[in-house]
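Colleague: Data file coords29.txt (compact mmCIF, C-alpha atoms) is appended below.
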```
# COMPACT_ATOMS: atom_id res chain seq x y z
CA MET A 75 3.73 -20.26 -20.29
CA LYS A 76 2.53 -17.02 -21.80
CA TRP A 77 4.89 -15.00 -23.97
CA TRP A 78 4.80 -12.13 -21.51
CA GLU A 79 6.19 -14.36 -18.77
CA GLU A 80 9.25 -15.16 -20.88
CA ILE A 81 10.05 -11.49 -21.20
CA ARG A 82 9.18 -10.45 -17.66
CA ARG A 83 11.66 -12.84 -16.11
CA GLY A 84 14.63 -10.91 -17.45
CA LEU A 85 13.15 -7.56 -16.48
CA TRP A 86 12.87 -8.19 -12.76
CA SER A 87 12.80 -11.59 -11.11
CA GLU A 88 15.92 -12.88 -12.91
CA ASN A 89 17.37 -9.52 -13.88
CA PRO A 90 20.93 -10.24 -15.05
CA THR A 91 22.46 -7.19 -13.37
CA PHE A 92 20.65 -6.81 -10.04
CA ARG A 93 19.56 -10.38 -9.33
CA ILE A 94 22.05 -12.74 -10.94
CA MET A 95 24.92 -10.22 -11.02
CA ILE A 96 26.54 -11.26 -14.26
CA GLY A 97 28.01 -9.08 -16.97
CA MET A 98 29.50 -6.76 -14.36
CA CYS A 99 32.43 -5.41 -16.39
CA PRO A 100 30.46 -3.33 -18.94
CA THR A 101 27.88 -2.52 -16.25
CA LEU A 102 30.43 -0.69 -14.14
CA ALA A 103 32.75 0.54 -16.88
CA VAL A 104 30.52 2.39 -19.32
CA THR A 105 27.82 3.79 -17.04
CA THR A 106 29.29 7.27 -16.65
CA ALA A 107 26.25 8.74 -18.44
CA ALA A 108 22.69 7.54 -19.02
CA ILE A 109 23.11 7.57 -22.81
CA ASN A 110 26.14 5.27 -22.60
CA GLY A 111 24.07 2.85 -20.55
CA VAL A 112 21.33 2.88 -23.20
CA ALA A 113 23.86 2.33 -26.01
CA MET A 114 25.66 -0.50 -24.26
CA GLY A 115 22.36 -2.09 -23.26
CA LEU A 116 20.95 -1.97 -26.79
CA SER A 117 24.18 -3.33 -28.32
CA THR A 118 24.07 -6.23 -25.89
CA LEU A 119 20.34 -6.69 -26.58
CA PHE A 120 21.05 -7.04 -30.29
CA VAL A 121 23.87 -9.55 -29.77
CA LEU A 122 21.76 -11.47 -27.27
CA ILE A 123 18.75 -11.72 -29.60
CA GLY A 124 20.91 -12.72 -32.56
CA SER A 125 23.00 -15.32 -30.78
CA SER A 126 20.16 -16.82 -28.71
CA THR A 127 17.93 -17.22 -31.77
CA MET A 128 20.76 -18.65 -33.86
CA ILE A 129 21.94 -21.07 -31.16
CA SER A 130 18.38 -22.20 -30.52
CA ALA A 131 17.87 -22.81 -34.25
CA LEU A 132 21.11 -24.80 -34.45
CA ARG A 133 20.66 -26.68 -31.17
CA ARG A 134 20.13 -30.08 -32.82
CA ILE A 135 23.09 -29.61 -35.19
CA ILE A 136 25.77 -28.42 -32.75
CA PRO A 137 27.55 -31.44 -31.22
CA GLU A 138 27.45 -31.50 -27.43
CA LYS A 139 31.23 -31.72 -26.98
CA VAL A 140 32.22 -28.68 -29.02
CA ARG A 141 29.22 -26.52 -28.12
CA ILE A 142 31.17 -23.83 -26.24
CA PRO A 143 33.52 -23.00 -29.18
CA CYS A 144 30.47 -23.01 -31.50
CA TYR A 145 28.64 -20.56 -29.22
CA ILE A 146 31.72 -18.34 -29.06
CA VAL A 147 31.94 -18.18 -32.86
CA VAL A 148 28.23 -17.29 -33.18
CA ILE A 149 28.48 -14.63 -30.45
CA ALA A 150 31.71 -13.15 -31.83
CA THR A 151 30.09 -12.84 -35.26
CA PHE A 152 27.21 -10.76 -33.93
CA VAL A 153 29.58 -8.67 -31.82
CA THR A 154 31.67 -7.90 -34.90
CA VAL A 155 28.47 -6.78 -36.68
CA VAL A 156 27.62 -4.41 -33.81
CA ASP A 157 31.20 -3.13 -33.63
CA LEU A 158 31.37 -2.29 -37.34
CA VAL A 159 27.85 -0.81 -37.51
CA MET A 160 28.53 1.43 -34.50
CA ALA A 161 31.90 2.52 -35.90
CA ALA A 162 30.18 3.47 -39.16
CA PHE A 163 27.03 5.22 -37.92
CA PHE A 164 27.58 6.24 -34.28
CA SER A 165 31.27 7.03 -34.19
CA ASP A 166 30.99 9.28 -31.09
CA LEU A 167 29.39 6.55 -29.00
CA HIS A 168 31.77 4.00 -30.47
CA ARG A 169 34.72 6.07 -29.25
CA VAL A 170 33.28 6.37 -25.74
CA LEU A 171 32.38 2.67 -25.41
CA GLY A 172 35.59 1.69 -27.22
CA LEU A 173 37.13 -1.48 -25.86
CA TYR A 174 33.89 -2.58 -24.20
CA ILE A 175 32.07 -3.26 -27.50
CA PRO A 176 34.35 -6.17 -28.58
CA LEU A 177 34.25 -7.30 -24.96
CA ILE A 178 30.52 -8.10 -25.33
CA VAL A 179 31.89 -11.47 -26.58
CA VAL A 180 32.90 -12.41 -23.05
CA ASN A 181 29.82 -10.92 -21.39
CA CYS A 182 28.65 -13.80 -19.23
CA ILE A 183 24.98 -12.92 -19.83
CA ILE A 184 25.15 -14.00 -23.46
CA MET A 185 27.07 -17.23 -22.90
CA GLY A 186 24.94 -17.91 -19.81
CA ARG A 187 21.64 -17.60 -21.70
CA ALA A 188 23.03 -19.68 -24.58
CA GLU A 189 24.07 -22.46 -22.24
CA ALA A 190 21.17 -22.34 -19.80
CA TYR A 191 18.26 -21.52 -22.09
CA ALA A 192 18.72 -21.13 -25.84
CA SER A 193 20.41 -24.52 -26.25
CA ARG A 194 17.32 -26.29 -24.84
CA MET A 195 14.35 -24.22 -25.97
CA PRO A 196 12.60 -23.67 -29.31
CA VAL A 197 13.35 -20.49 -31.25
CA PRO A 198 10.36 -18.33 -30.14
CA ASN A 199 11.05 -18.94 -26.43
CA ALA A 200 14.76 -18.27 -26.86
CA PHE A 201 13.96 -15.06 -28.75
CA LEU A 202 11.55 -13.77 -26.07
CA ASP A 203 13.96 -14.71 -23.29
CA ALA A 204 16.73 -12.79 -25.06
CA VAL A 205 14.46 -9.74 -25.43
CA GLY A 206 13.63 -9.83 -21.71
CA MET A 207 17.21 -10.32 -20.56
CA GLY A 208 18.49 -7.66 -22.96
CA LEU A 209 15.90 -5.12 -21.85
CA GLY A 210 16.56 -5.98 -18.21
CA PHE A 211 20.25 -5.32 -18.77
CA THR A 212 19.44 -2.08 -20.63
CA TRP A 213 17.28 -0.59 -17.89
CA ALA A 214 19.78 -1.55 -15.22
CA LEU A 215 22.61 0.16 -17.12
CA THR A 216 20.46 3.21 -17.86
CA LEU A 217 19.56 3.54 -14.16
CA LEU A 218 23.20 3.29 -13.05
CA GLY A 219 24.28 5.67 -15.82
CA GLY A 220 21.55 8.11 -14.87
CA ILE A 221 22.54 8.13 -11.19
CA ARG A 222 26.23 8.61 -11.96
CA GLU A 223 25.55 11.27 -14.59
CA PHE A 224 23.26 13.18 -12.20
CA PHE A 225 25.83 13.27 -9.39
CA GLY A 226 28.86 13.63 -11.63
CA PHE A 227 27.63 16.21 -14.14
CA GLY A 228 24.35 17.41 -12.63
CA SER A 229 22.59 16.40 -15.82
CA LEU A 230 20.47 13.58 -17.24
CA PHE A 231 20.75 12.46 -20.87
CA GLY A 232 22.87 15.56 -21.42
CA VAL A 233 20.16 17.95 -20.09
CA LYS A 234 21.40 20.13 -17.23
CA LEU A 235 19.12 19.68 -14.22
CA THR A 236 20.94 21.46 -11.42
CA GLY A 237 21.75 25.12 -10.90
CA SER A 238 25.17 26.69 -10.71
CA ALA A 239 25.20 26.22 -6.92
CA PHE A 240 25.60 22.45 -7.40
CA THR A 241 29.17 21.17 -7.19
CA PRO A 242 29.49 17.99 -9.28
CA TRP A 243 30.74 14.94 -7.42
CA VAL A 244 33.56 14.01 -9.74
CA VAL A 245 34.09 10.76 -7.86
CA ALA A 246 30.80 9.42 -9.26
CA LEU A 247 32.35 9.41 -12.72
CA LEU A 248 35.63 7.85 -11.61
CA PRO A 249 36.00 4.06 -11.27
CA PRO A 250 35.26 4.11 -7.49
CA GLY A 251 31.90 5.74 -8.28
CA GLY A 252 30.95 2.76 -10.41
CA PHE A 253 31.55 0.28 -7.60
CA LEU A 254 29.93 2.48 -4.94
CA THR A 255 26.82 3.28 -7.00
CA MET A 256 26.29 -0.38 -7.86
CA GLY A 257 26.76 -1.39 -4.21
CA VAL A 258 24.29 1.20 -2.94
CA VAL A 259 21.68 0.44 -5.62
CA LEU A 260 21.97 -3.29 -4.93
CA GLY A 261 21.63 -2.67 -1.19
CA THR A 262 18.54 -0.50 -1.78
CA ILE A 263 16.94 -3.19 -3.94
CA ASN A 264 17.68 -5.80 -1.28
CA ALA A 265 16.12 -3.58 1.39
CA LEU A 266 12.98 -2.96 -0.72
CA THR A 267 12.62 -6.67 -1.51
CA ALA A 268 13.07 -7.58 2.15
CA ARG A 269 10.45 -5.01 3.21
CA ARG A 270 8.00 -6.29 0.59
CA ALA A 271 8.63 -9.87 1.66
CA ALA A 272 8.14 -8.88 5.31
CA ALA A 273 4.85 -7.12 4.45
CA ALA A 274 3.69 -10.16 2.50
CA GLY A 275 4.86 -12.41 5.31
CA SER A 276 3.01 -10.46 8.04
CA CYS A 277 -0.22 -10.36 6.00
CA CYS A 278 0.01 -14.10 5.39
CA SER A 279 0.81 -14.89 8.99
CA ALA A 280 -2.16 -12.67 10.01
CA VAL A 281 -4.37 -14.66 7.64
CA SER A 282 -3.07 -17.95 8.94
CA ALA A 283 -3.47 -16.73 12.56
CA LYS A 284 -7.09 -15.83 11.78
CA GLY A 285 -7.49 -19.21 10.16
CA SER A 286 -6.16 -20.99 13.21
CA GLU A 287 -8.46 -18.92 15.46
CA ARG A 288 -11.37 -19.99 13.38
CA GLY A 289 -10.18 -23.55 13.46
CA MET B 144 64.58 -2.42 -19.66
CA LYS B 145 63.47 0.70 -17.82
CA GLU B 146 60.42 1.02 -20.05
CA LEU B 147 59.45 -2.60 -19.38
CA LEU B 148 59.71 -2.14 -15.61
CA LEU B 149 57.61 1.00 -15.85
CA LEU B 150 55.09 -0.92 -17.95
CA ILE B 151 54.79 -3.57 -15.21
CA ALA B 152 54.55 -1.02 -12.40
CA GLY B 153 52.05 1.02 -14.41
CA SER B 154 49.75 -1.90 -15.08
CA ILE B 155 49.84 -2.97 -11.43
CA LEU B 156 49.28 0.38 -9.75
CA VAL B 157 48.11 3.07 -12.16
CA ASN B 158 46.03 1.18 -14.70
CA ASN B 159 45.08 -1.76 -12.52
CA PHE B 160 42.73 -3.74 -14.78
CA VAL B 161 40.28 -4.60 -12.03
CA LEU B 162 40.17 -1.40 -10.03
CA SER B 163 40.45 1.23 -12.73
CA ARG B 164 39.39 -0.42 -15.98
CA PHE B 165 36.69 -2.79 -14.69
CA LEU B 166 38.13 -5.81 -16.49
CA GLY B 167 37.90 -9.15 -14.74
CA ILE B 168 35.21 -8.11 -12.26
CA CYS B 169 33.40 -11.46 -12.36
CA PRO B 170 36.29 -13.51 -10.89
CA PHE B 171 37.20 -10.51 -8.70
CA LEU B 172 33.80 -10.68 -6.98
CA GLY B 173 33.29 -14.42 -7.37
CA VAL B 174 36.60 -15.94 -6.27
CA SER B 175 37.65 -13.46 -3.59
CA GLN B 176 36.12 -15.18 -0.56
CA ARG B 177 39.26 -17.06 0.45
CA LEU B 178 42.91 -16.07 0.33
CA ASP B 179 44.35 -19.35 -1.00
CA THR B 180 41.89 -19.71 -3.89
CA ALA B 181 42.41 -16.05 -4.72
CA LEU B 182 46.15 -16.64 -4.99
CA SER B 183 45.73 -19.74 -7.19
CA MET B 184 43.28 -17.94 -9.44
CA GLY B 185 45.64 -14.97 -9.70
CA ALA B 186 48.58 -17.21 -10.62
CA ALA B 187 46.61 -19.12 -13.27
CA THR B 188 45.25 -15.92 -14.78
CA THR B 189 48.70 -14.30 -14.83
CA PHE B 190 50.04 -17.32 -16.70
CA VAL B 191 47.23 -17.25 -19.28
CA LEU B 192 47.51 -13.45 -19.67
CA THR B 193 51.24 -13.67 -20.44
CA MET B 194 50.77 -16.52 -22.92
CA ALA B 195 47.71 -14.92 -24.50
CA GLY B 196 49.63 -11.68 -24.99
CA ALA B 197 52.33 -13.49 -26.97
CA ALA B 198 49.89 -15.67 -28.96
CA THR B 199 47.55 -12.86 -29.97
CA TRP B 200 50.54 -10.68 -30.87
CA ALA B 201 51.76 -13.37 -33.29
CA VAL B 202 48.33 -13.74 -34.91
CA GLN B 203 47.83 -9.98 -35.12
CA SER B 204 51.18 -9.23 -36.77
CA TYR B 205 51.59 -12.33 -38.97
CA LEU B 206 48.01 -13.10 -39.97
CA LEU B 207 45.49 -10.31 -39.44
CA VAL B 208 47.55 -7.28 -40.48
CA PRO B 209 49.36 -8.69 -43.58
CA TRP B 210 46.16 -10.21 -44.97
CA GLY B 211 43.96 -7.21 -44.19
CA LEU B 212 41.72 -9.22 -41.87
CA GLY B 213 41.42 -6.64 -39.09
CA PHE B 214 37.64 -7.07 -38.93
CA LEU B 215 38.15 -10.66 -37.74
CA GLN B 216 40.16 -9.50 -34.71
CA THR B 217 37.51 -10.16 -32.05
CA LEU B 218 36.67 -13.58 -33.47
CA ALA B 219 40.31 -14.62 -33.94
CA PHE B 220 41.40 -13.45 -30.48
CA ILE B 221 38.63 -15.17 -28.56
CA ILE B 222 39.22 -18.46 -30.40
CA ILE B 223 42.96 -18.26 -29.66
CA ILE B 224 42.29 -17.52 -26.01
CA ALA B 225 39.81 -20.41 -25.71
CA ALA B 226 42.28 -22.77 -27.38
CA LEU B 227 45.12 -21.50 -25.22
CA VAL B 228 43.20 -22.00 -22.00
CA GLN B 229 42.35 -25.54 -23.11
CA LEU B 230 46.02 -26.18 -23.91
CA VAL B 231 47.21 -24.79 -20.58
CA GLU B 232 44.66 -26.98 -18.85
CA MET B 233 45.97 -30.09 -20.64
CA ILE B 234 49.63 -29.23 -19.99
CA ILE B 235 49.04 -28.63 -16.28
CA LEU B 236 47.07 -31.88 -16.04
CA LYS B 237 49.96 -33.86 -17.58
CA THR B 238 52.85 -32.18 -15.79
CA ASN B 239 51.48 -31.17 -12.40
CA PRO B 240 48.27 -32.94 -11.33
CA VAL B 241 48.46 -31.40 -7.86
CA LEU B 242 48.34 -27.87 -9.25
CA TYR B 243 45.58 -28.97 -11.65
CA ARG B 244 43.40 -30.12 -8.77
CA ALA B 245 44.12 -26.93 -6.83
CA LEU B 246 43.02 -24.73 -9.74
CA GLY B 247 40.16 -27.03 -10.73
CA ILE B 248 37.14 -25.19 -12.06
CA PHE B 249 38.88 -21.82 -12.26
CA LEU B 250 40.96 -22.78 -15.28
CA PRO B 251 38.23 -23.06 -17.95
CA LEU B 252 36.57 -19.92 -16.56
CA ILE B 253 39.61 -17.84 -17.52
CA THR B 254 38.37 -17.90 -21.14
CA THR B 255 35.47 -15.65 -20.22
CA ASN B 256 37.61 -13.36 -18.06
CA CYS B 257 37.37 -10.10 -19.96
CA ALA B 258 40.83 -9.09 -18.74
CA VAL B 259 42.37 -11.57 -21.19
CA LEU B 260 40.50 -10.42 -24.30
CA GLY B 261 40.78 -6.80 -23.13
CA LEU B 262 44.56 -7.13 -22.81
CA ALA B 263 44.85 -8.60 -26.33
CA ILE B 264 42.77 -5.84 -27.91
CA LEU B 265 44.48 -3.05 -25.93
CA ALA B 266 47.99 -4.32 -26.74
CA ALA B 267 47.11 -4.68 -30.43
CA GLY B 268 45.71 -1.14 -30.46
CA LYS B 269 48.85 0.29 -28.85
CA GLY B 270 51.13 -1.52 -31.31
CA TYR B 271 53.33 -3.17 -28.69
CA ASN B 272 56.01 -5.62 -29.88
CA LEU B 273 56.27 -9.23 -28.71
CA VAL B 274 58.30 -8.54 -25.56
CA GLU B 275 56.22 -5.53 -24.58
CA THR B 276 52.94 -7.42 -25.06
CA SER B 277 54.10 -10.36 -22.95
CA VAL B 278 55.44 -8.07 -20.23
CA PHE B 279 52.21 -6.06 -20.32
CA GLY B 280 50.26 -9.32 -19.90
CA PHE B 281 52.47 -10.33 -16.98
CA GLY B 282 52.05 -6.93 -15.31
CA VAL B 283 48.28 -6.98 -15.77
CA GLY B 284 48.24 -10.46 -14.25
CA LEU B 285 50.20 -9.26 -11.21
CA GLY B 286 47.80 -6.32 -10.83
CA PHE B 287 44.82 -8.69 -11.05
CA THR B 288 46.40 -10.98 -8.42
CA LEU B 289 47.11 -8.03 -6.13
CA ALA B 290 43.51 -6.78 -6.35
CA LEU B 291 42.12 -10.28 -5.81
CA VAL B 292 44.34 -11.00 -2.80
CA MET B 293 43.62 -7.64 -1.16
CA MET B 294 39.91 -8.16 -1.67
CA ALA B 295 40.07 -11.70 -0.24
CA GLY B 296 41.93 -10.41 2.81
CA ILE B 297 39.35 -7.72 3.46
CA ARG B 298 36.39 -10.02 2.83
CA SER B 299 37.61 -12.65 5.26
CA ASN B 300 37.59 -9.93 7.93
CA LEU B 301 34.17 -8.69 6.83
CA GLU B 302 32.68 -12.04 7.78
CA TYR B 303 32.94 -11.08 11.44
CA ALA B 304 31.66 -7.55 10.97
CA ASP B 305 28.14 -6.44 11.85
CA ILE B 306 26.84 -5.39 8.45
CA PRO B 307 23.25 -4.10 7.94
CA ALA B 308 21.17 -6.95 6.53
CA PRO B 309 20.42 -5.48 3.05
CA LEU B 310 24.11 -4.79 2.44
CA ARG B 311 25.32 -8.30 3.24
CA GLY B 312 27.02 -10.25 0.47
CA ALA B 313 27.43 -8.56 -2.88
CA PRO B 314 26.58 -4.92 -1.96
CA ILE B 315 29.22 -4.67 0.76
CA ALA B 316 31.74 -6.38 -1.55
CA LEU B 317 31.07 -3.73 -4.19
CA ILE B 318 31.36 -0.89 -1.68
CA THR B 319 34.64 -2.39 -0.42
CA ALA B 320 35.86 -2.59 -4.02
CA GLY B 321 34.85 1.07 -4.44
CA LEU B 322 36.98 2.10 -1.46
CA LEU B 323 39.91 0.00 -2.73
CA SER B 324 39.54 1.63 -6.12
CA LEU B 325 39.42 5.06 -4.47
CA ALA B 326 42.71 4.25 -2.75
CA PHE B 327 44.21 3.22 -6.08
CA THR B 328 43.26 6.53 -7.72
CA GLY B 329 46.01 7.92 -5.49
CA PHE B 330 48.50 6.28 -7.85
CA SER B 331 47.16 8.05 -10.94
CA GLY B 332 49.80 10.26 -12.51
CA LEU B 333 52.59 8.31 -10.79
CA ILE B 334 53.71 6.89 -14.14
CA SER B 335 52.51 8.46 -17.37
CA MET B 336 52.19 6.01 -20.21
```
Write out the structure in this file as structure tokens.
Modeller:
Amino acid sequence: MKWWEEIRRGLWSENPTFRIMIGMCPTLAVTTAAINGVAMGLSTLFVLIGSSTMISALRRIIPEKVRIPCYIVVIATFVTVVDLVMAAFFSDLHRVLGLYIPLIVVNCIIMGRAEAYASRMPVPNAFLDAVGMGLGFTWALTLLGGIREFFGFGSLFGVKLTGSAFTPWVVALLPPGGFLTMGVVLGTINALTARRAAAAGSCCSAVSAKGSERG
Amino acid sequence: MKELLLLIAGSILVNNFVLSRFLGICPFLGVSQRLDTALSMGAATTFVLTMAGAATWAVQSYLLVPWGLGFLQTLAFIIIIAALVQLVEMIILKTNPVLYRALGIFLPLITTNCAVLGLAILAAGKGYNLVETSVFGFGVGLGFTLALVMMAGIRSNLEYADIPAPLRGAPIALITAGLLSLAFTGFSGLISM
């Protein structure tokens, strides 16, 4: 398998947020602005790369029976690193993301990749998989954050896009907005995928019909 | 006593962990298809939340704070929670095998329920004492159970509804959760904490 394939899986076909639907708590909680989505995504990306690489490197040493506690210790270590680095250098973002940074420990994406992939694969594959999954999570969070920021503030990445006539939809920033935006985006993706599958299906059936005619 | 009752009511209605803080969404969406499993899951989680509140409080105030080990908080809390869930699992297996079978796979999954770790970190940040932390955990558990049971009730009715194909499954569950959450914003300001 080419290296690009390892990364691409996380970006679309097995996207953790829109396809597998794991790691929902930070996805819905912090995406009140696009920049928060980017920050949360990159923090998770870092933890994911660190823990996946480390767990893959240690996969022959960690005993099967106590693997879950071992994974938790590795993951919690990297989360603590992110927490302290953010508190030191990006204190504004750290205040906004607050509780959800230590909660990366229990983000199912990280444990899921450790259990399903990193514990079986060599280090380079685990690393690339972590990059793909982390970037997939980041773009999903940025998209949701962008949508909610646009409707809630009328801006994108802090840049005002709408005129004074626009009344912000405050509900987009409230908790219900998180659920509703995610539901609508997921529904849209399902509809697009179904349409693409239908288009592919009709072209294939046309081909096969032609084939049967010929036959 | 009054403060404790307000704390319970507040964490059920005003600061419901699932519907206004987005903690515990995975089991909320995953285990809310049937009413009876939702109730069992809620009860098990409430139990772990209450115990975890007390256990993490003890570690925070007797170990982390006196020794200046605050930076190990995340690591220490998650290990305690994992150990506690394991312990609860073993105790239930020994004392009540029927309940153990009913809860089955949900028990170990409580470790990765972010409501538990979130509760521990929040309570430590607010400086609650032992009783307050345990009561807070109990209240959060009741709020979680309420959200889960309401969701399960709505979803069992949704099965007979004519939903547009792309919205079936997860999207309609999320939109339902959004409407539930919208209803719960009506409680905001009821109790100021």
Colleague: Set the distance at 12 Å and use all atoms listed in the file: which residues neighbour stretch 234-245 of chain A once local chain neighbours fewer than 2 positions away are removed? I'd like the list as a list in words.
Modeller: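 Answer for this query is Thr106, Gly220, Ile221, Arg222, Glu223, Phe224, Phe225, Gly226, Phe227, Gly228, Ser229, Leu230, Phe231, Gly232, Leu247, Leu248, Pro249, Pro250, Gly251, Gly252, Phe253, Leu254 and Thr255 of chain A; Gly321, Leu322, Ser324, Leu325, Ala326 and Thr328 of chain B.
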Colleague: How far is it from atom CA of A:Val121 to atom CA of B:Ala226, in Å with one decimal?
Modeller: 22.8 Å
Colleague: Any idea what's packed within 9 Å of stretch 177-190 of chain B, counting all atoms listed in the file, ignoring anything in its chain fewer than 2 positions away? Could you give it as number ranges by chain?
Modeller: B: 170-171, 174-175, 192-195, 231, 242, 245-246, 249-250, 253, 256, 259, 280-289, 291-296, 298-299
Colleague: When you draw a straight line from atom CA of A:Pro176 to atom CA of A:Arg141, how long is it in Å?
Modeller: 21.0 Å
Colleague: Go ahead and find all residues with at least one atom no further than 6 Å from (29.1, -17.4, -26.7) in the file's coordinates, using only C-alpha atoms; report them as a list in words.
Modeller: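 Those residues, ordered by chain and then number, are Tyr145, Ile146, Ile149 and Met185 of chain A.
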Colleague: Need to verify the contact set: A:Ser87, 12 Å, all atoms listed in the file, exclusion of same-chain residues closer than 4 positions in sequence. Can you return it as a list in words?
Modeller: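 What passes the distance filter is Glu79, Glu80, Ile81, Arg82, Arg83, Thr91, Phe92, Arg93, Ile94, Gly206, Met207, Gly210, Ile263 and Thr267 of chain A.
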Colleague: In Å, how far is it from atom CA of B:Ala308 to atom CA of A:Val259?
Modeller: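 Separation of atom CA of B:Ala308 and atom CA of A:Val259: 14.2 Å.
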Colleague: For chain A, list the residues within 8 Å of chain B, counting all atoms listed in the file, and write the list as a PyMOL selection string.
Modeller: chain A and resi 96-100+102-103+143+146-147+150-151+154+173+176-177+179-182+249-254+256-258+260-262+264-265+268
Colleague: Could you give me, as a list in words, the residues that sit within 8 Å of (19.7, -23.5, -27.8) in the file's coordinates, counting only C-alpha atoms?
Modeller: Ser126, Thr127, Met128, Ile129, Ser130, Ala131, Leu132, Arg133, Ala188, Glu189, Tyr191, Ala192, Ser193, Arg194, Met195, Pro196, Val197 and Ala200 of chain A
Colleague: Could you give me, as JSON, numbers by chain, the residues within 12 Å of A:Phe120, counting all atoms listed in the file and dropping anything in the same chain fewer than 4 positions from it?
Modeller: {"A": [113, 114, 115, 116, 124, 125, 126, 127, 149, 151, 152, 153, 154, 155, 156, 157, 159, 175, 178, 184, 201, 204, 205, 206, 207, 208, 209, 211, 212]}
Colleague: Assuming the input is short of atoms at stretch 170-175 of chain A, produce all heavy atoms for that part as a compact mmCIF listing (two decimals), keeping the file's coordinate frame.
Modeller:
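The result, stored in out_1.txt:
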```
# COMPACT_ATOMS: atom_id res chain seq x y z
N VAL A 170 33.46 6.37 -27.19
CA VAL A 170 33.28 6.37 -25.74
C VAL A 170 33.27 4.93 -25.22
O VAL A 170 33.94 4.59 -24.25
CB VAL A 170 31.97 7.08 -25.35
CG1 VAL A 170 31.74 6.95 -23.85
CG2 VAL A 170 32.02 8.53 -25.75
N LEU A 171 32.51 4.05 -25.90
CA LEU A 171 32.38 2.67 -25.41
C LEU A 171 33.63 1.86 -25.74
O LEU A 171 33.98 0.95 -25.01
CB LEU A 171 31.15 2.01 -26.00
CG LEU A 171 29.83 2.69 -25.67
CD1 LEU A 171 28.68 1.95 -26.30
CD2 LEU A 171 29.61 2.78 -24.17
N GLY A 172 34.28 2.22 -26.84
CA GLY A 172 35.59 1.69 -27.22
C GLY A 172 35.77 0.20 -27.01
O GLY A 172 35.07 -0.63 -27.59
N LEU A 173 36.72 -0.10 -26.14
CA LEU A 173 37.13 -1.48 -25.86
C LEU A 173 35.95 -2.36 -25.44
O LEU A 173 35.96 -3.56 -25.65
CB LEU A 173 38.18 -1.43 -24.74
CG LEU A 173 38.73 -2.72 -24.20
CD1 LEU A 173 39.49 -3.44 -25.28
CD2 LEU A 173 39.64 -2.42 -23.03
N TYR A 174 34.93 -1.76 -24.81
CA TYR A 174 33.89 -2.58 -24.20
C TYR A 174 32.91 -3.15 -25.22
O TYR A 174 32.12 -4.04 -24.89
CB TYR A 174 33.17 -1.79 -23.11
CG TYR A 174 34.13 -1.48 -22.00
CD1 TYR A 174 34.82 -0.27 -21.96
CD2 TYR A 174 34.45 -2.44 -21.05
CE1 TYR A 174 35.76 -0.02 -20.99
CE2 TYR A 174 35.38 -2.19 -20.07
CZ TYR A 174 36.03 -0.98 -20.04
OH TYR A 174 36.98 -0.75 -19.09
N ILE A 175 32.94 -2.66 -26.47
CA ILE A 175 32.07 -3.26 -27.50
C ILE A 175 32.60 -4.65 -27.89
O ILE A 175 31.86 -5.63 -27.79
CB ILE A 175 31.93 -2.33 -28.72
CG1 ILE A 175 31.15 -1.07 -28.33
CG2 ILE A 175 31.26 -3.03 -29.88
CD1 ILE A 175 29.69 -1.28 -28.13
```
